[in-house]
Amino acid sequence: MAKALIIGSGIAGIATAIRLAVQGYQVEVFEANSYPGGKLSEFEQDGFRFDAGPSLFTMPQYVDELFVLAGRNPKEFFSYQKLDKVCQYFYEDGTRLNAFADAELFAREVNNVTGEPVASVKKYLTNSATIYNITNHVFLEQSLHRLKTFLSRDTARSVLGLPGIDAFRTMHKANEGYFKDDRLVQFYDRYATYNGSNPYAAPATLNVIPHLEQHYGAYFPIGGMYSITGSLVKLAESLGVIFNYNSKVDEIMLDARKATGLKVGEKNINGDIIISNMDVWFTYQRLLKAHPKLFPRKILGQERSSSALIFYWGISRSFPELDLHNIFFSTDYKAEFDHIWKDKNIFHDPTIYLNISSKYKPDDAPASCENWFVMINVPANVGQEWDTLVATARENILKKLTRILGDDIESLILSETILDPRQIESKTSSYQGSLYGTSSNSRFAAFLRHANKSSKIKNLYFCGGSVHPGGGIPLCLLSAKIVSGWIADDFPQTS
Ligand code: FAD
């Protein structure tokens with residue numbers, strides 16, 4: 001039985017382990033941290049529980065699929081509920097917009113709040129669905145680096161549809177073309193941040209994202225986001241996968257140009273198949289540093305996605321006017337993105353994302369309190385003076401929330417943890433603390449992401465947010481599907 005060694009237990013590493021175990025391989029995972037999940041982890045703080053990273057759960061079918069593959073009923077192990085209202089939006093001019101999951105209801109809400117015709121929203125969503133139908137098969141579900149992908153009839157159909165994916169203008173330009181109301185343009189521009197990109201640079205192809213949220217819905221996992229990690233690790237273990245924690249991989253061992261195993265501390269572990277779920281940039285720089293000639297330099301030089309600054313606050317009272325997902329928009333979105341992408345610093349009036357899981361999972365906070373996950377988008381870490389930037393941003397965030405919510409927020413903070421790009425980088429080995437690997441600010445981004453298999457080192461594969469098809473939980477789960485399919489072709493199981 002071929003033996004697969006996986007570096008990292010991020011969501012893609014765990015999903016790959018499950019798929020390979022189901023396919024009959026012997027699988028062992030090596031994780032540097034003392035816990036699984038990478039960015040998708042949790043922690044406790046003074047009686048409050050926080051999901052450390054992702055908070056928006058979409059495309060749950062990709063998680064369910066793993067249980068089904070293993071012959072289990074997903075509902076017995078992992079459950080979630082659909083959100084009727086995905087998010088609520090606060091604008092400084094006093095506007096409140098509810099992003100209802102139901103498209104009809106949402107179009108009517110937009111019409112009531114902004115005056116934009118119901119038909120314009122529907123037309124927008126139809127376009128978003130069209131982009132999805134053209135791109136999904138080729139750009140998301142398969143490798144862009146295999147001949148096999150381009151020989152299928154589905155791919156030929158997608159290629160014929162390519163002019164419809166709106167790749168030649170920016171998201172912002174396209175959104176301005178659809179809507180007159182700046183608030184709605186800002187609403188749709190925000191979807192660029194779902195993969196850490198800039199709506200003033202990213203191609204309008206990314207306007208596919210609203211379709212994913214509006215059509216497939218947004219969900220809350222009943223046990224919190226961490227239950228995705230927790231339930232999948234249990235499933236993997238039940239299939240015989242071995243997880244080694246506190247086991248930082250130091251080197252990928254090569255014999256000529258073939259990966260043969262891992263060095264973990266003093267141990268050499270041999271394997272037939274090596275899969276890195278570690279950020280691809282650090283995989284080369286740290287684990288293959290003796291082989292610089294094998295680095296794909298152009299691919300590794302791609303611009304990184306944005307990072308985040310997060311304040312985890314235990315709050316001493318509850319706010320009935322807030323929901324699970326809340327956005328407090330900046331008054332000048334263009335200036336905010338220019339600060340992130342051109343100046344590499346933080347705008348004085350950032351858009352604030354506030355997630356409160358205790359709204360749906362009351363035991364995440366003590367009685368009549370709330371667990372606030374307060375996040376703003378910030379540039380990737382290129383050595384800025386983060387201590388100063390964080391202190392200033394904290395002040396500006398508190399002022400904005402206090403102004404809009406009408407209560408002195410600072411006086412309500414019972415406990416606090418702060419996560420900035422430096423810690424995101426060190427805790428999960430994400431180059432520059434980027435949340436989603438490389439950015440999608442160019443129309444070529446999809447083609448310039450690292451493949452799921454090395455073209456220079458035999459038996460070396462990649463999964464996770466820094467490689468094809470990109471970052472975010474759903475795409476990481478798809479990377480696991482692509483890589484395990486590729487391995488099945490390369491290492492057919494005989495029994
Ligand atoms: P990662 O989570 O990056 O994990 C990689 C693992 O590899 C880590 O556990 C690390 O310790 C381990 N590792 C690294 N080096 C070594 C080594 N040498 N040896 C052994 N192990 C090693 N996505 C969404 O879908 N929705 C959201 O709302 C969302 N919000 C986000 C908010 C934040 C603050 C962050 C940080 C991310 C967010 N994302 C969101 C993105 C999503 O979390 C990631 O795309 C996804 O979790 C990445 O998973 P991964 O499989 O690439 O591995």
# chains A, B, ... in the order shown; residues from 1 in each chain; ligands from 1
>>> residues_near_ligand(ligand="ligand 1", cutoff="7 Å", atoms="only C-alpha atoms and all ligand atoms", output="PDB file with N, CA, C and O atoms, in the first residue's frame")
ATOM      1  N   ILE A   7       2.106  17.402   4.840  1.00  0.00           N
ATOM      2  CA  ILE A   7       2.723  18.441   5.686  1.00  0.00           C
ATOM      3  C   ILE A   7       1.650  19.477   5.996  1.00  0.00           C
ATOM      4  O   ILE A   7       1.237  20.245   5.131  1.00  0.00           O
ATOM      5  N   GLY A   8       1.146  19.504   7.239  1.00  0.00           N
ATOM      6  CA  GLY A   8       0.149  20.493   7.648  1.00  0.00           C
ATOM      7  C   GLY A   8      -1.246  19.921   7.751  1.00  0.00           C
ATOM      8  O   GLY A   8      -1.664  19.108   6.914  1.00  0.00           O
ATOM      9  N   SER A   9      -1.954  20.338   8.810  1.00  0.00           N
ATOM     10  CA  SER A   9      -3.344  19.877   8.986  1.00  0.00           C
ATOM     11  C   SER A   9      -4.311  21.036   8.863  1.00  0.00           C
ATOM     12  O   SER A   9      -5.237  21.194   9.653  1.00  0.00           O
ATOM     13  N   GLY A  10      -4.076  21.923   7.848  1.00  0.00           N
ATOM     14  CA  GLY A  10      -5.099  22.900   7.491  1.00  0.00           C
ATOM     15  C   GLY A  10      -6.285  22.135   6.911  1.00  0.00           C
ATOM     16  O   GLY A  10      -6.212  20.909   6.714  1.00  0.00           O
ATOM     17  N   ILE A  11      -7.353  22.857   6.596  1.00  0.00           N
ATOM     18  CA  ILE A  11      -8.569  22.180   6.118  1.00  0.00           C
ATOM     19  C   ILE A  11      -8.286  21.343   4.864  1.00  0.00           C
ATOM     20  O   ILE A  11      -8.808  20.227   4.715  1.00  0.00           O
ATOM     21  N   ALA A  12      -7.397  21.848   3.989  1.00  0.00           N
ATOM     22  CA  ALA A  12      -7.102  21.089   2.768  1.00  0.00           C
ATOM     23  C   ALA A  12      -6.273  19.848   3.084  1.00  0.00           C
ATOM     24  O   ALA A  12      -6.450  18.796   2.461  1.00  0.00           O
ATOM     25  N   GLY A  13      -5.373  19.956   4.056  1.00  0.00           N
ATOM     26  CA  GLY A  13      -4.555  18.799   4.443  1.00  0.00           C
ATOM     27  C   GLY A  13      -5.440  17.698   5.025  1.00  0.00           C
ATOM     28  O   GLY A  13      -5.278  16.508   4.703  1.00  0.00           O
ATOM     29  N   PHE A  30       1.695  15.525   9.391  1.00  0.00           N
ATOM     30  CA  PHE A  30       2.650  16.151  10.324  1.00  0.00           C
ATOM     31  C   PHE A  30       2.272  17.615  10.472  1.00  0.00           C
ATOM     32  O   PHE A  30       2.226  18.356   9.481  1.00  0.00           O
ATOM     33  N   GLU A  31       1.964  18.027  11.695  1.00  0.00           N
ATOM     34  CA  GLU A  31       1.487  19.385  11.947  1.00  0.00           C
ATOM     35  C   GLU A  31       2.420  20.077  12.942  1.00  0.00           C
ATOM     36  O   GLU A  31       2.714  19.539  14.012  1.00  0.00           O
ATOM     37  N   ALA A  32       2.868  21.294  12.577  1.00  0.00           N
ATOM     38  CA  ALA A  32       3.803  22.032  13.437  1.00  0.00           C
ATOM     39  C   ALA A  32       3.142  22.458  14.754  1.00  0.00           C
ATOM     40  O   ALA A  32       3.770  22.420  15.815  1.00  0.00           O
ATOM     41  N   ASN A  33       1.870  22.847  14.690  1.00  0.00           N
ATOM     42  CA  ASN A  33       1.180  23.320  15.903  1.00  0.00           C
ATOM     43  C   ASN A  33       0.752  22.139  16.777  1.00  0.00           C
ATOM     44  O   ASN A  33       0.775  20.986  16.349  1.00  0.00           O
ATOM     45  N   PRO A  36      -4.969  20.897  15.350  1.00  0.00           N
ATOM     46  CA  PRO A  36      -5.206  20.859  13.901  1.00  0.00           C
ATOM     47  C   PRO A  36      -5.951  22.106  13.409  1.00  0.00           C
ATOM     48  O   PRO A  36      -6.441  22.893  14.213  1.00  0.00           O
ATOM     49  N   GLY A  37      -6.025  22.266  12.106  1.00  0.00           N
ATOM     50  CA  GLY A  37      -6.928  23.279  11.528  1.00  0.00           C
ATOM     51  C   GLY A  37      -6.236  24.481  10.921  1.00  0.00           C
ATOM     52  O   GLY A  37      -6.832  25.180  10.118  1.00  0.00           O
ATOM     53  N   GLY A  38      -4.996  24.773  11.339  1.00  0.00           N
ATOM     54  CA  GLY A  38      -4.316  25.962  10.797  1.00  0.00           C
ATOM     55  C   GLY A  38      -5.157  27.191  11.047  1.00  0.00           C
ATOM     56  O   GLY A  38      -5.497  27.500  12.195  1.00  0.00           O
ATOM     57  N   LYS A  39      -5.537  27.867   9.977  1.00  0.00           N
ATOM     58  CA  LYS A  39      -6.327  29.105  10.120  1.00  0.00           C
ATOM     59  C   LYS A  39      -7.705  28.804  10.701  1.00  0.00           C
ATOM     60  O   LYS A  39      -8.326  29.659  11.338  1.00  0.00           O
ATOM     61  N   LEU A  40      -8.198  27.602  10.464  1.00  0.00           N
ATOM     62  CA  LEU A  40      -9.544  27.222  10.932  1.00  0.00           C
ATOM     63  C   LEU A  40      -9.439  26.567  12.315  1.00  0.00           C
ATOM     64  O   LEU A  40      -9.687  25.379  12.498  1.00  0.00           O
ATOM     65  N   ALA A  52     -10.883  31.338  15.438  1.00  0.00           N
ATOM     66  CA  ALA A  52      -9.745  32.242  15.238  1.00  0.00           C
ATOM     67  C   ALA A  52      -9.723  32.889  13.855  1.00  0.00           C
ATOM     68  O   ALA A  52      -9.305  34.024  13.708  1.00  0.00           O
ATOM     69  N   GLY A  53     -10.163  32.154  12.820  1.00  0.00           N
ATOM     70  CA  GLY A  53     -10.016  32.652  11.450  1.00  0.00           C
ATOM     71  C   GLY A  53     -11.341  32.786  10.729  1.00  0.00           C
ATOM     72  O   GLY A  53     -12.110  33.717  10.985  1.00  0.00           O
ATOM     73  N   PRO A  54     -11.632  31.841   9.813  1.00  0.00           N
ATOM     74  CA  PRO A  54     -12.839  31.966   8.997  1.00  0.00           C
ATOM     75  C   PRO A  54     -14.102  32.034   9.851  1.00  0.00           C
ATOM     76  O   PRO A  54     -14.197  31.375  10.892  1.00  0.00           O
ATOM     77  N   SER A  55     -15.070  32.826   9.366  1.00  0.00           N
ATOM     78  CA  SER A  55     -16.337  32.927  10.084  1.00  0.00           C
ATOM     79  C   SER A  55     -17.523  32.758   9.143  1.00  0.00           C
ATOM     80  O   SER A  55     -18.638  32.530   9.585  1.00  0.00           O
ATOM     81  N   LEU A  56     -17.283  32.890   7.839  1.00  0.00           N
ATOM     82  CA  LEU A  56     -18.382  32.736   6.877  1.00  0.00           C
ATOM     83  C   LEU A  56     -18.255  31.368   6.215  1.00  0.00           C
ATOM     84  O   LEU A  56     -17.234  31.057   5.600  1.00  0.00           O
ATOM     85  N   PHE A  57     -19.315  30.584   6.345  1.00  0.00           N
ATOM     86  CA  PHE A  57     -19.290  29.210   5.827  1.00  0.00           C
ATOM     87  C   PHE A  57     -20.215  29.110   4.620  1.00  0.00           C
ATOM     88  O   PHE A  57     -21.428  29.307   4.737  1.00  0.00           O
ATOM     89  N   THR A  58     -19.618  28.809   3.463  1.00  0.00           N
ATOM     90  CA  THR A  58     -20.411  28.630   2.243  1.00  0.00           C
ATOM     91  C   THR A  58     -20.079  27.264   1.644  1.00  0.00           C
ATOM     92  O   THR A  58     -19.079  26.644   2.012  1.00  0.00           O
ATOM     93  N   SER A 247       4.891  18.607  15.354  1.00  0.00           N
ATOM     94  CA  SER A 247       5.812  17.893  14.460  1.00  0.00           C
ATOM     95  C   SER A 247       6.114  18.748  13.237  1.00  0.00           C
ATOM     96  O   SER A 247       5.530  18.558  12.163  1.00  0.00           O
ATOM     97  N   LYS A 248       6.977  19.720  13.438  1.00  0.00           N
ATOM     98  CA  LYS A 248       7.323  20.630  12.338  1.00  0.00           C
ATOM     99  C   LYS A 248       8.210  19.896  11.344  1.00  0.00           C
ATOM    100  O   LYS A 248       9.229  19.323  11.724  1.00  0.00           O
ATOM    101  N   VAL A 249       7.809  19.927  10.095  1.00  0.00           N
ATOM    102  CA  VAL A 249       8.640  19.314   9.056  1.00  0.00           C
ATOM    103  C   VAL A 249       9.765  20.293   8.724  1.00  0.00           C
ATOM    104  O   VAL A 249       9.523  21.485   8.518  1.00  0.00           O
ATOM    105  N   ASP A 250      11.011  19.798   8.691  1.00  0.00           N
ATOM    106  CA  ASP A 250      12.151  20.682   8.429  1.00  0.00           C
ATOM    107  C   ASP A 250      12.642  20.579   6.989  1.00  0.00           C
ATOM    108  O   ASP A 250      13.284  21.496   6.490  1.00  0.00           O
ATOM    109  N   ASN A 277       0.618  20.878   2.457  1.00  0.00           N
ATOM    110  CA  ASN A 277      -0.530  21.758   2.726  1.00  0.00           C
ATOM    111  C   ASN A 277      -0.010  23.066   3.338  1.00  0.00           C
ATOM    112  O   ASN A 277      -0.753  23.944   3.710  1.00  0.00           O
ATOM    113  N   MET A 278       1.318  23.144   3.442  1.00  0.00           N
ATOM    114  CA  MET A 278       1.969  24.353   3.949  1.00  0.00           C
ATOM    115  C   MET A 278       1.974  25.368   2.819  1.00  0.00           C
ATOM    116  O   MET A 278       1.978  24.987   1.650  1.00  0.00           O
ATOM    117  N   ASP A 279       1.950  26.637   3.139  1.00  0.00           N
ATOM    118  CA  ASP A 279       2.027  27.678   2.119  1.00  0.00           C
ATOM    119  C   ASP A 279       3.158  27.341   1.132  1.00  0.00           C
ATOM    120  O   ASP A 279       4.272  27.009   1.531  1.00  0.00           O
ATOM    121  N   ALA A 308      -5.128  40.477   7.513  1.00  0.00           N
ATOM    122  CA  ALA A 308      -6.209  40.991   8.371  1.00  0.00           C
ATOM    123  C   ALA A 308      -5.642  41.399   9.718  1.00  0.00           C
ATOM    124  O   ALA A 308      -4.601  40.896  10.158  1.00  0.00           O
ATOM    125  N   ILE A 310      -7.229  41.534  13.522  1.00  0.00           N
ATOM    126  CA  ILE A 310      -8.434  41.082  14.239  1.00  0.00           C
ATOM    127  C   ILE A 310      -8.324  41.385  15.725  1.00  0.00           C
ATOM    128  O   ILE A 310      -7.287  41.138  16.351  1.00  0.00           O
ATOM    129  N   ILE A 424      -0.340  35.984  12.025  1.00  0.00           N
ATOM    130  CA  ILE A 424      -0.968  35.079  11.043  1.00  0.00           C
ATOM    131  C   ILE A 424       0.154  34.354  10.297  1.00  0.00           C
ATOM    132  O   ILE A 424       0.101  33.149  10.064  1.00  0.00           O
ATOM    133  N   LYS A 427       1.916  31.884  12.969  1.00  0.00           N
ATOM    134  CA  LYS A 427       1.105  30.764  13.485  1.00  0.00           C
ATOM    135  C   LYS A 427       0.732  29.747  12.417  1.00  0.00           C
ATOM    136  O   LYS A 427       0.496  28.586  12.715  1.00  0.00           O
ATOM    137  N   THR A 428       0.594  30.220  11.158  1.00  0.00           N
ATOM    138  CA  THR A 428       0.149  29.265  10.128  1.00  0.00           C
ATOM    139  C   THR A 428       1.144  29.161   8.968  1.00  0.00           C
ATOM    140  O   THR A 428       0.839  28.544   7.951  1.00  0.00           O
ATOM    141  N   SER A 429       2.316  29.784   9.129  1.00  0.00           N
ATOM    142  CA  SER A 429       3.317  29.798   8.053  1.00  0.00           C
ATOM    143  C   SER A 429       2.730  30.285   6.739  1.00  0.00           C
ATOM    144  O   SER A 429       2.963  29.701   5.688  1.00  0.00           O
ATOM    145  N   SER A 430       1.947  31.373   6.816  1.00  0.00           N
ATOM    146  CA  SER A 430       1.405  31.956   5.581  1.00  0.00           C
ATOM    147  C   SER A 430       2.296  33.118   5.198  1.00  0.00           C
ATOM    148  O   SER A 430       2.401  34.084   5.962  1.00  0.00           O
ATOM    149  N   LEU A 435      -4.150  35.973   3.742  1.00  0.00           N
ATOM    150  CA  LEU A 435      -5.236  35.063   4.163  1.00  0.00           C
ATOM    151  C   LEU A 435      -5.547  34.026   3.099  1.00  0.00           C
ATOM    152  O   LEU A 435      -5.999  32.935   3.403  1.00  0.00           O
ATOM    153  N   TYR A 436      -5.318  34.408   1.830  1.00  0.00           N
ATOM    154  CA  TYR A 436      -5.827  33.555   0.736  1.00  0.00           C
ATOM    155  C   TYR A 436      -4.743  33.213  -0.296  1.00  0.00           C
ATOM    156  O   TYR A 436      -5.039  33.050  -1.475  1.00  0.00           O
ATOM    157  N   CYS A 463      -1.649  21.080  -1.783  1.00  0.00           N
ATOM    158  CA  CYS A 463      -3.056  21.436  -1.601  1.00  0.00           C
ATOM    159  C   CYS A 463      -3.116  22.652  -0.684  1.00  0.00           C
ATOM    160  O   CYS A 463      -2.132  22.997  -0.034  1.00  0.00           O
ATOM    161  N   GLY A 464      -4.278  23.308  -0.626  1.00  0.00           N
ATOM    162  CA  GLY A 464      -4.440  24.429   0.295  1.00  0.00           C
ATOM    163  C   GLY A 464      -4.594  25.758  -0.408  1.00  0.00           C
ATOM    164  O   GLY A 464      -4.529  25.853  -1.643  1.00  0.00           O
ATOM    165  N   GLY A 465      -4.786  26.788   0.399  1.00  0.00           N
ATOM    166  CA  GLY A 465      -5.162  28.103  -0.110  1.00  0.00           C
ATOM    167  C   GLY A 465      -4.118  28.819  -0.938  1.00  0.00           C
ATOM    168  O   GLY A 465      -4.448  29.781  -1.629  1.00  0.00           O
ATOM    169  N   SER A 466      -2.854  28.384  -0.892  1.00  0.00           N
ATOM    170  CA  SER A 466      -1.826  29.109  -1.656  1.00  0.00           C
ATOM    171  C   SER A 466      -1.602  28.495  -3.035  1.00  0.00           C
ATOM    172  O   SER A 466      -0.752  28.953  -3.779  1.00  0.00           O
ATOM    173  N   GLY A 471      -7.705  30.379  -2.288  1.00  0.00           N
ATOM    174  CA  GLY A 471      -7.990  30.370  -0.846  1.00  0.00           C
ATOM    175  C   GLY A 471      -9.471  30.394  -0.512  1.00  0.00           C
ATOM    176  O   GLY A 471     -10.322  30.556  -1.381  1.00  0.00           O
ATOM    177  N   GLY A 472      -9.756  30.233   0.781  1.00  0.00           N
ATOM    178  CA  GLY A 472     -11.127  30.125   1.259  1.00  0.00           C
ATOM    179  C   GLY A 472     -11.471  28.653   1.426  1.00  0.00           C
ATOM    180  O   GLY A 472     -10.928  27.797   0.694  1.00  0.00           O
ATOM    181  N   ILE A 473     -12.330  28.356   2.386  1.00  0.00           N
ATOM    182  CA  ILE A 473     -12.613  26.950   2.707  1.00  0.00           C
ATOM    183  C   ILE A 473     -13.095  26.143   1.484  1.00  0.00           C
ATOM    184  O   ILE A 473     -12.561  25.059   1.216  1.00  0.00           O
ATOM    185  N   PRO A 474     -14.087  26.640   0.725  1.00  0.00           N
ATOM    186  CA  PRO A 474     -14.571  25.805  -0.390  1.00  0.00           C
ATOM    187  C   PRO A 474     -13.468  25.466  -1.392  1.00  0.00           C
ATOM    188  O   PRO A 474     -13.361  24.322  -1.840  1.00  0.00           O
ATOM    189  N   CYS A 476     -10.227  25.423  -0.870  1.00  0.00           N
ATOM    190  CA  CYS A 476      -9.246  24.507  -0.254  1.00  0.00           C
ATOM    191  C   CYS A 476      -9.765  23.067  -0.340  1.00  0.00           C
ATOM    192  O   CYS A 476      -9.003  22.131  -0.605  1.00  0.00           O
TER     193      CYS A 476
END
>>> residues_around(residues="stretch 235-239 of chain A", least_positions_apart="2", cutoff="12 Å", atoms="only C-alpha atoms", output="PyMOL selection string")
chain A and resi 9+11+13-29+36+63-64+66-74+76-78+227-233+241-244
>>> closest_residue(among="A:Ala391, A:Phe100, A:Pro362, A:Tyr353", to="A:Val374", atoms="only C-alpha atoms")
A:Tyr353
>>> residues_around(residues="stretch 330-339 of chain A", least_positions_apart="2", cutoff="8 Å", atoms="only C-alpha atoms", output="PyMOL selection string")
chain A and resi 91-92+186+198+200+328+341-347+349-352
>>> write_last_selection(atoms="all heavy atoms", output="short mmCIF file (atom, residue, chain, number, x, y, z; two decimals), in the first residue's frame")
data_model
loop_
_atom_site.label_atom_id
_atom_site.label_comp_id
_atom_site.auth_asym_id
_atom_site.auth_seq_id
_atom_site.Cartn_x
_atom_site.Cartn_y
_atom_site.Cartn_z
N TYR A 91 -24.04 51.81 6.94
CA TYR A 91 -23.32 52.88 6.25
C TYR A 91 -23.30 54.09 7.17
O TYR A 91 -24.21 54.30 7.98
CB TYR A 91 -24.04 53.25 4.94
CG TYR A 91 -24.07 52.13 3.91
CD1 TYR A 91 -24.98 51.08 4.03
CD2 TYR A 91 -23.21 52.14 2.82
CE1 TYR A 91 -25.02 50.06 3.09
CE2 TYR A 91 -23.25 51.12 1.87
CZ TYR A 91 -24.16 50.08 2.01
OH TYR A 91 -24.21 49.06 1.07
N GLU A 92 -22.27 54.93 7.01
CA GLU A 92 -22.12 56.09 7.89
C GLU A 92 -23.27 57.09 7.74
O GLU A 92 -23.55 57.85 8.66
CB GLU A 92 -20.78 56.79 7.63
CG GLU A 92 -19.58 56.05 8.20
CD GLU A 92 -19.26 56.40 9.66
OE1 GLU A 92 -20.00 57.18 10.28
OE2 GLU A 92 -18.25 55.85 10.15
N GLN A 186 -20.70 49.71 -3.72
CA GLN A 186 -19.78 49.35 -2.62
C GLN A 186 -20.12 47.96 -2.08
O GLN A 186 -19.24 47.15 -1.79
CB GLN A 186 -19.89 50.40 -1.51
CG GLN A 186 -18.89 50.20 -0.39
CD GLN A 186 -18.89 51.37 0.60
OE1 GLN A 186 -19.89 52.08 0.73
NE2 GLN A 186 -17.78 51.55 1.31
N ASN A 198 -8.58 43.31 -4.59
CA ASN A 198 -8.91 44.73 -4.64
C ASN A 198 -9.94 44.94 -5.76
O ASN A 198 -9.63 44.71 -6.93
CB ASN A 198 -7.60 45.48 -4.94
CG ASN A 198 -7.80 46.96 -5.16
OD1 ASN A 198 -8.92 47.48 -5.10
ND2 ASN A 198 -6.70 47.66 -5.42
N TYR A 200 -10.88 47.41 -7.30
CA TYR A 200 -10.49 48.40 -8.30
C TYR A 200 -9.40 47.85 -9.23
O TYR A 200 -8.96 48.55 -10.13
CB TYR A 200 -10.01 49.69 -7.61
CG TYR A 200 -11.12 50.30 -6.76
CD1 TYR A 200 -11.27 49.94 -5.42
CD2 TYR A 200 -12.05 51.18 -7.32
CE1 TYR A 200 -12.30 50.46 -4.65
CE2 TYR A 200 -13.09 51.71 -6.55
CZ TYR A 200 -13.20 51.34 -5.22
OH TYR A 200 -14.23 51.85 -4.47
N PHE A 328 -19.57 47.39 8.74
CA PHE A 328 -19.66 48.84 8.92
C PHE A 328 -18.76 49.44 7.85
O PHE A 328 -17.53 49.40 7.96
CB PHE A 328 -19.18 49.23 10.32
CG PHE A 328 -20.02 48.62 11.41
CD1 PHE A 328 -19.78 47.32 11.85
CD2 PHE A 328 -21.06 49.33 11.99
CE1 PHE A 328 -20.56 46.73 12.83
CE2 PHE A 328 -21.86 48.75 12.98
CZ PHE A 328 -21.61 47.44 13.40
N TRP A 341 -3.39 48.57 -0.87
CA TRP A 341 -2.64 48.00 -2.00
C TRP A 341 -1.51 48.88 -2.51
O TRP A 341 -0.51 48.36 -2.98
CB TRP A 341 -3.61 47.66 -3.15
CG TRP A 341 -4.48 46.53 -2.76
CD1 TRP A 341 -5.77 46.59 -2.28
CD2 TRP A 341 -4.13 45.14 -2.70
NE1 TRP A 341 -6.23 45.34 -1.96
CE2 TRP A 341 -5.24 44.43 -2.21
CE3 TRP A 341 -2.98 44.42 -3.03
CZ2 TRP A 341 -5.24 43.04 -2.03
CZ3 TRP A 341 -2.97 43.04 -2.86
CH2 TRP A 341 -4.09 42.37 -2.37
N LYS A 342 -1.68 50.22 -2.42
CA LYS A 342 -0.60 51.08 -2.94
C LYS A 342 0.32 51.51 -1.83
O LYS A 342 1.54 51.43 -1.94
CB LYS A 342 -1.21 52.31 -3.63
CG LYS A 342 -1.94 51.94 -4.90
CD LYS A 342 -2.34 53.14 -5.73
CE LYS A 342 -3.02 52.68 -7.00
NZ LYS A 342 -4.06 53.60 -7.45
N ASP A 343 -0.26 52.00 -0.71
CA ASP A 343 0.59 52.55 0.37
C ASP A 343 1.01 51.48 1.37
O ASP A 343 1.87 51.73 2.21
CB ASP A 343 -0.17 53.66 1.11
CG ASP A 343 -0.73 54.70 0.15
OD1 ASP A 343 -0.19 54.82 -0.97
OD2 ASP A 343 -1.73 55.37 0.50
N LYS A 344 0.38 50.33 1.32
CA LYS A 344 0.66 49.22 2.26
C LYS A 344 0.46 49.64 3.71
O LYS A 344 1.22 49.26 4.59
CB LYS A 344 2.10 48.69 2.09
CG LYS A 344 2.50 48.40 0.66
CD LYS A 344 2.02 47.03 0.23
CE LYS A 344 2.40 46.70 -1.19
NZ LYS A 344 1.39 45.99 -1.92
N ASN A 345 -0.55 50.47 3.94
CA ASN A 345 -0.89 50.78 5.33
C ASN A 345 -2.41 50.77 5.53
O ASN A 345 -3.12 50.21 4.69
CB ASN A 345 -0.20 52.06 5.81
CG ASN A 345 -0.66 53.29 5.08
OD1 ASN A 345 -1.76 53.33 4.55
ND2 ASN A 345 0.21 54.29 5.02
N ILE A 346 -2.89 51.38 6.62
CA ILE A 346 -4.31 51.22 6.96
C ILE A 346 -5.01 52.57 6.92
O ILE A 346 -4.54 53.54 7.53
CB ILE A 346 -4.45 50.59 8.38
CG1 ILE A 346 -3.68 49.27 8.45
CG2 ILE A 346 -5.91 50.39 8.73
CD1 ILE A 346 -3.69 48.63 9.85
N PHE A 347 -6.13 52.63 6.21
CA PHE A 347 -6.92 53.86 6.08
C PHE A 347 -7.50 54.22 7.46
O PHE A 347 -7.83 53.35 8.25
CB PHE A 347 -8.04 53.59 5.07
CG PHE A 347 -8.84 54.80 4.67
CD1 PHE A 347 -8.21 56.00 4.36
CD2 PHE A 347 -10.23 54.72 4.58
CE1 PHE A 347 -8.96 57.11 3.97
CE2 PHE A 347 -10.98 55.83 4.20
CZ PHE A 347 -10.34 57.02 3.89
N ASP A 349 -10.36 55.30 8.12
CA ASP A 349 -11.77 54.90 8.27
C ASP A 349 -11.96 53.55 7.58
O ASP A 349 -12.52 53.46 6.49
CB ASP A 349 -12.67 55.98 7.63
CG ASP A 349 -14.14 55.57 7.65
OD1 ASP A 349 -14.55 54.81 8.55
OD2 ASP A 349 -14.89 56.02 6.74
N PRO A 350 -11.48 52.46 8.20
CA PRO A 350 -11.56 51.16 7.52
C PRO A 350 -12.97 50.57 7.59
O PRO A 350 -13.74 50.89 8.50
CB PRO A 350 -10.59 50.30 8.34
CG PRO A 350 -10.65 50.88 9.72
CD PRO A 350 -10.92 52.36 9.55
N THR A 351 -13.27 49.71 6.63
CA THR A 351 -14.52 48.93 6.71
C THR A 351 -14.32 47.87 7.79
O THR A 351 -13.32 47.15 7.79
CB THR A 351 -14.80 48.26 5.35
OG1 THR A 351 -15.02 49.30 4.39
CG2 THR A 351 -16.02 47.34 5.41
N ILE A 352 -15.29 47.80 8.71
CA ILE A 352 -15.14 46.87 9.84
C ILE A 352 -16.10 45.69 9.67
O ILE A 352 -17.29 45.88 9.41
CB ILE A 352 -15.47 47.59 11.17
CG1 ILE A 352 -14.54 48.81 11.35
CG2 ILE A 352 -15.34 46.63 12.35
CD1 ILE A 352 -15.01 49.74 12.46
#
>>> select_by_dssp(residues="stretch 415-463 of chain A", states="strand (DSSP E or B)", output="ChimeraX atom specification")
/A:415-419,438,450,453,458,460-462
>>> closest_residue(among="A:Gly271, A:Pro163, A:Gly433, A:Gly383", to="A:Leu309", atoms="only C-alpha atoms")
A:Gly433
>>> residues_around(residues="A:Ala367", least_positions_apart="5", cutoff="12 Å", atoms="only C-alpha atoms", output="MDAnalysis selection string")
chainID A and resid 47:48 314:318 358:359 361:362
>>> select_by_dssp(residues="stretch 63-276 of chain A", states="alpha helix (DSSP H)", output="ChimeraX atom specification")
/A:63-69,74-77,103-114,118-135,147-150,153-161,171-178,182-189,209-216,226-238
>>> residues_around(residues="A:Leu398", least_positions_apart="2", cutoff="12 Å", atoms="only C-alpha atoms", output="list in words")
Phe311, Trp313, Phe328, His348, Asp349, Pro350, Ile352, Val374, Met375, Ala391, Thr392, Ala393, Arg394, Glu395, Asn396, Lys400, Leu401, Thr402, Arg403, Ile404, Leu405, Gly406, Asp407, Asp408, Ile409, Glu410, Ser411, Leu412 and Ile413 of chain A
